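A.B. asks: Questions regarding the structure given below will be posed in turn.
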Amino acid sequence: MIPFELLNILDQYHDDELNIGVKSVLFENTTVRLVINIRSLDAVLNEDWLIKAVGVRENRIGFSYGGSIDIEEDHPLLWKYKDTLSGLYFTGVCQDPVGLFFDMYQIHYSLYRTYISFEDFLNINKFNKLFELEFGLLAKGPIKLLDQYADCAKKYGLDVSIPDGRTPTYWNGSAHVPEGSNLKILLIGDTNTYIIAGDFHFEKVTNR
């Protein structure tokens, strides 16, 4: 977790008073070593920190600047690893497919912003033809997300169902095994930088 010394720094400044950026990144199998620089706009603070992410499942590294560092255990980006995966099926006539598409996108953006494409969940290639058939698969993904999509679809007069799903798994080098519940996500400001991993270790870098 984030050490007290770093938490104390983050507490002293507002997000708009800090520039936090990635200086370097090293990938080693399922480990990512990230060196970040933290500077205050008043020039009082200028420190480098090494973040070692262990048991990495997914990462996106951006090189713009943000103003915060957070580690969360219940974030929408974690759902595909921690929540049951299934599909959202519908029957019925949708009189306003454009409106449904827009409202579902609003749900997606409120949860994932630009971290994950809407197309990763929505059956977008067949979206318009689905409503000609009046039945089909509308979306797939974690049930926490599908429940929100389902509520939206019902408002457009569709009957929906979400079958029993499957537990997420990962390849451990020799077999697919169930995902653990210990995964966390590290987020750096609004830089689109995030790492999903089992654990994070922080070390202040001493410049010599």
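Going by the structure tokens order, chains are called A, B, ..., each with residues numbered from 1, while ligands are numbered from 1 in the order shown.
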Which residues are close to range 107-110 of chain A, i.e. within 12 Å by only C-alpha atoms, leaving aside same-chain residues fewer than 5 positions away? Reply as an NGL selection string.
C.D. replies: :A and (75-77 or 100-102 or 115-122 or 139 or 141 or 144-153)
A.B. asks: Using DSSP on the backbone coordinates, identify the residues of chain A assigned to strand (DSSP E); present them as an MDAnalysis selection string.
C.D. replies: chainID A and resid 18:28 31:40 46:54 58:60 69:72 85:91 135:142 159:161 169:171 176:178 184:188 193:197 199:205
A.B. asks: Once you count only C-alpha atoms, what closest atom pair and distance in Å to one decimal does each residue of range 64-159 of chain A within 10 Å of range 187-208 of chain A have, with rows by chain and rising residue number, as JSON lines?
C.D. replies:
{"residue": "A:Ser64", "atom": "CA", "partner": "A:Thr191", "partner_atom": "CA", "distance": 5.5}
{"residue": "A:Tyr65", "atom": "CA", "partner": "A:Thr191", "partner_atom": "CA", "distance": 5.9}
{"residue": "A:Gly66", "atom": "CA", "partner": "A:Gly189", "partner_atom": "CA", "distance": 4.2}
{"residue": "A:Gly67", "atom": "CA", "partner": "A:Gly189", "partner_atom": "CA", "distance": 5.1}
{"residue": "A:Ser68", "atom": "CA", "partner": "A:Gly189", "partner_atom": "CA", "distance": 4.6}
{"residue": "A:Ile69", "atom": "CA", "partner": "A:Ile188", "partner_atom": "CA", "distance": 4.7}
{"residue": "A:Asp70", "atom": "CA", "partner": "A:Leu187", "partner_atom": "CA", "distance": 5.3}
{"residue": "A:Ile71", "atom": "CA", "partner": "A:Leu187", "partner_atom": "CA", "distance": 6.4}
{"residue": "A:Glu72", "atom": "CA", "partner": "A:Leu187", "partner_atom": "CA", "distance": 8.2}
{"residue": "A:Glu73", "atom": "CA", "partner": "A:Ile196", "partner_atom": "CA", "distance": 9.7}
{"residue": "A:Leu77", "atom": "CA", "partner": "A:Ile196", "partner_atom": "CA", "distance": 8.3}
{"residue": "A:Leu78", "atom": "CA", "partner": "A:Ile196", "partner_atom": "CA", "distance": 7.5}
{"residue": "A:Tyr81", "atom": "CA", "partner": "A:Ile196", "partner_atom": "CA", "distance": 9.6}
{"residue": "A:Arg113", "atom": "CA", "partner": "A:Asn192", "partner_atom": "CA", "distance": 9.3}
{"residue": "A:Thr114", "atom": "CA", "partner": "A:Asn192", "partner_atom": "CA", "distance": 7.8}
{"residue": "A:Tyr115", "atom": "CA", "partner": "A:Asn192", "partner_atom": "CA", "distance": 6.5}
A.B. asks: Please identify which residues in chain A DSSP calls alpha helix (DSSP H) from the backbone, and express them as a compact mmCIF listing (two decimals) with N, CA, C and O atoms, in the first residue's frame.
C.D. replies:
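As a result, selection_19.txt now contains:
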# COMPACT_ATOMS: atom_id res chain seq x y z
N PHE A 4 3.29 5.78 4.52
CA PHE A 4 2.85 6.98 5.24
C PHE A 4 3.57 8.23 4.74
O PHE A 4 2.96 9.29 4.62
N GLU A 5 4.87 8.13 4.46
CA GLU A 5 5.63 9.30 4.01
C GLU A 5 5.05 9.89 2.74
O GLU A 5 4.92 11.11 2.60
N LEU A 6 4.67 9.02 1.81
CA LEU A 6 4.09 9.49 0.56
C LEU A 6 2.67 9.99 0.77
O LEU A 6 2.26 11.01 0.18
N LEU A 7 1.90 9.31 1.60
CA LEU A 7 0.55 9.77 1.91
C LEU A 7 0.58 11.16 2.54
O LEU A 7 -0.27 12.01 2.25
N ASN A 8 1.57 11.40 3.38
CA ASN A 8 1.70 12.70 4.03
C ASN A 8 1.96 13.80 3.00
O ASN A 8 1.41 14.91 3.10
N ILE A 9 2.77 13.49 1.99
CA ILE A 9 3.03 14.45 0.91
C ILE A 9 1.74 14.75 0.15
O ILE A 9 1.41 15.91 -0.11
N LEU A 10 1.02 13.71 -0.19
CA LEU A 10 -0.22 13.88 -0.97
C LEU A 10 -1.26 14.66 -0.18
O LEU A 10 -2.07 15.39 -0.77
N ASP A 11 -1.25 14.51 1.15
CA ASP A 11 -2.21 15.23 1.99
C ASP A 11 -1.87 16.71 2.12
O ASP A 11 -2.76 17.53 2.38
N GLN A 12 -0.61 17.05 1.93
CA GLN A 12 -0.19 18.44 2.10
C GLN A 12 -0.58 19.32 0.91
O GLN A 12 -0.64 20.54 1.05
N TRP A 79 -13.48 -5.19 -12.09
CA TRP A 79 -14.63 -6.09 -12.14
C TRP A 79 -14.40 -7.32 -13.02
O TRP A 79 -14.86 -8.41 -12.69
N LYS A 80 -13.70 -7.15 -14.14
CA LYS A 80 -13.52 -8.30 -15.03
C LYS A 80 -12.59 -9.35 -14.43
O LYS A 80 -12.48 -10.46 -14.96
N TYR A 81 -11.94 -9.01 -13.33
CA TYR A 81 -11.09 -9.96 -12.61
C TYR A 81 -11.75 -10.49 -11.34
O TYR A 81 -11.46 -11.60 -10.90
N LYS A 82 -12.63 -9.69 -10.75
CA LYS A 82 -13.20 -10.05 -9.45
C LYS A 82 -14.67 -10.43 -9.49
O LYS A 82 -15.18 -11.06 -8.58
N PRO A 97 -33.20 2.85 -30.82
CA PRO A 97 -31.86 2.27 -30.64
C PRO A 97 -30.78 3.32 -30.40
O PRO A 97 -29.85 3.08 -29.64
N VAL A 98 -30.91 4.48 -31.04
CA VAL A 98 -29.91 5.54 -30.86
C VAL A 98 -29.92 6.03 -29.41
O VAL A 98 -28.87 6.23 -28.80
N GLY A 99 -31.11 6.22 -28.87
CA GLY A 99 -31.22 6.65 -27.48
C GLY A 99 -30.65 5.63 -26.52
O GLY A 99 -29.96 5.97 -25.55
N LEU A 100 -30.93 4.34 -26.78
CA LEU A 100 -30.40 3.27 -25.94
C LEU A 100 -28.88 3.24 -26.01
O LEU A 100 -28.20 3.13 -24.99
N PHE A 101 -28.35 3.35 -27.22
CA PHE A 101 -26.89 3.36 -27.40
C PHE A 101 -26.27 4.51 -26.61
O PHE A 101 -25.27 4.32 -25.89
N PHE A 102 -26.86 5.69 -26.71
CA PHE A 102 -26.31 6.86 -26.03
C PHE A 102 -26.34 6.68 -24.51
O PHE A 102 -25.36 6.97 -23.82
N ASP A 103 -27.46 6.19 -23.98
CA ASP A 103 -27.58 6.03 -22.54
C ASP A 103 -26.63 4.95 -22.01
O ASP A 103 -26.07 5.09 -20.92
N MET A 104 -26.45 3.88 -22.79
CA MET A 104 -25.51 2.84 -22.37
C MET A 104 -24.08 3.36 -22.41
O MET A 104 -23.26 3.04 -21.55
N TYR A 105 -23.80 4.22 -23.39
CA TYR A 105 -22.46 4.81 -23.46
C TYR A 105 -22.22 5.72 -22.26
O TYR A 105 -21.10 5.75 -21.72
N GLN A 106 -23.23 6.44 -21.84
CA GLN A 106 -23.09 7.31 -20.67
C GLN A 106 -22.75 6.49 -19.43
O GLN A 106 -21.93 6.91 -18.60
N ILE A 107 -23.38 5.33 -19.30
CA ILE A 107 -23.06 4.43 -18.19
C ILE A 107 -21.61 3.98 -18.29
O ILE A 107 -20.85 4.02 -17.31
N HIS A 108 -21.22 3.55 -19.49
CA HIS A 108 -19.85 3.09 -19.70
C HIS A 108 -18.83 4.18 -19.35
O HIS A 108 -17.86 3.94 -18.62
N TYR A 109 -19.07 5.39 -19.84
CA TYR A 109 -18.10 6.47 -19.62
C TYR A 109 -18.02 6.86 -18.15
O TYR A 109 -16.94 7.18 -17.64
N SER A 110 -19.16 6.84 -17.46
CA SER A 110 -19.15 7.20 -16.04
C SER A 110 -18.32 6.22 -15.22
O SER A 110 -17.76 6.59 -14.18
N LEU A 111 -18.21 4.98 -15.69
CA LEU A 111 -17.45 3.95 -14.97
C LEU A 111 -16.01 3.86 -15.44
O LEU A 111 -15.08 3.73 -14.63
N TYR A 112 -15.81 3.91 -16.77
CA TYR A 112 -14.49 3.59 -17.34
C TYR A 112 -13.80 4.76 -18.02
O TYR A 112 -12.64 4.62 -18.43
N PHE A 127 -25.27 -4.19 -33.47
CA PHE A 127 -26.19 -3.44 -32.62
C PHE A 127 -27.50 -3.13 -33.33
O PHE A 127 -28.59 -3.40 -32.82
N ASN A 128 -27.45 -2.54 -34.51
CA ASN A 128 -28.69 -2.17 -35.21
C ASN A 128 -29.47 -3.38 -35.70
O ASN A 128 -30.69 -3.43 -35.61
N LYS A 129 -28.76 -4.40 -36.20
CA LYS A 129 -29.45 -5.59 -36.70
C LYS A 129 -30.11 -6.38 -35.58
O LYS A 129 -31.09 -7.10 -35.82
N LEU A 130 -29.58 -6.26 -34.37
CA LEU A 130 -30.18 -6.96 -33.24
C LEU A 130 -31.65 -6.58 -33.09
O LEU A 130 -32.50 -7.43 -32.82
N PHE A 131 -31.93 -5.31 -33.27
CA PHE A 131 -33.29 -4.84 -33.02
C PHE A 131 -34.22 -5.15 -34.19
O PHE A 131 -35.43 -5.06 -34.08
N GLU A 132 -33.64 -5.54 -35.33
CA GLU A 132 -34.45 -6.07 -36.42
C GLU A 132 -34.89 -7.49 -36.09
O GLU A 132 -36.00 -7.91 -36.43
N LEU A 133 -34.01 -8.23 -35.41
CA LEU A 133 -34.32 -9.61 -35.04
C LEU A 133 -35.20 -9.69 -33.80
O LEU A 133 -35.87 -10.70 -33.56
N ILE A 143 -20.92 -8.86 -14.29
CA ILE A 143 -22.35 -8.71 -13.99
C ILE A 143 -22.65 -7.36 -13.35
O ILE A 143 -23.74 -6.79 -13.56
N LYS A 144 -21.72 -6.79 -12.59
CA LYS A 144 -21.95 -5.47 -12.01
C LYS A 144 -22.20 -4.42 -13.09
O LYS A 144 -23.00 -3.50 -12.90
N LEU A 145 -21.53 -4.57 -14.21
CA LEU A 145 -21.76 -3.67 -15.34
C LEU A 145 -23.05 -4.04 -16.06
O LEU A 145 -23.86 -3.15 -16.40
N LEU A 146 -23.26 -5.32 -16.31
CA LEU A 146 -24.43 -5.76 -17.06
C LEU A 146 -25.72 -5.40 -16.33
O LEU A 146 -26.75 -5.13 -16.98
N ASP A 147 -25.71 -5.41 -15.00
CA ASP A 147 -26.90 -5.02 -14.25
C ASP A 147 -27.29 -3.57 -14.56
O ASP A 147 -28.49 -3.25 -14.68
N GLN A 148 -26.30 -2.71 -14.71
CA GLN A 148 -26.60 -1.31 -15.03
C GLN A 148 -27.09 -1.18 -16.48
O GLN A 148 -28.01 -0.41 -16.76
N TYR A 149 -26.48 -1.92 -17.39
CA TYR A 149 -26.97 -1.94 -18.77
C TYR A 149 -28.41 -2.47 -18.83
O TYR A 149 -29.23 -1.98 -19.60
N ALA A 150 -28.69 -3.50 -18.03
CA ALA A 150 -30.02 -4.11 -18.04
C ALA A 150 -31.09 -3.12 -17.61
O ALA A 150 -32.16 -3.02 -18.22
N ASP A 151 -30.80 -2.36 -16.54
CA ASP A 151 -31.76 -1.35 -16.08
C ASP A 151 -32.03 -0.32 -17.17
O ASP A 151 -33.16 0.14 -17.35
N CYS A 152 -30.98 0.03 -17.90
CA CYS A 152 -31.13 0.99 -19.00
C CYS A 152 -31.99 0.40 -20.12
O CYS A 152 -32.90 1.06 -20.63
N ALA A 153 -31.73 -0.85 -20.49
CA ALA A 153 -32.47 -1.48 -21.58
C ALA A 153 -33.96 -1.63 -21.24
O ALA A 153 -34.82 -1.48 -22.12
N LYS A 154 -34.26 -1.88 -19.98
CA LYS A 154 -35.65 -2.02 -19.57
C LYS A 154 -36.43 -0.72 -19.79
O LYS A 154 -37.62 -0.75 -20.11
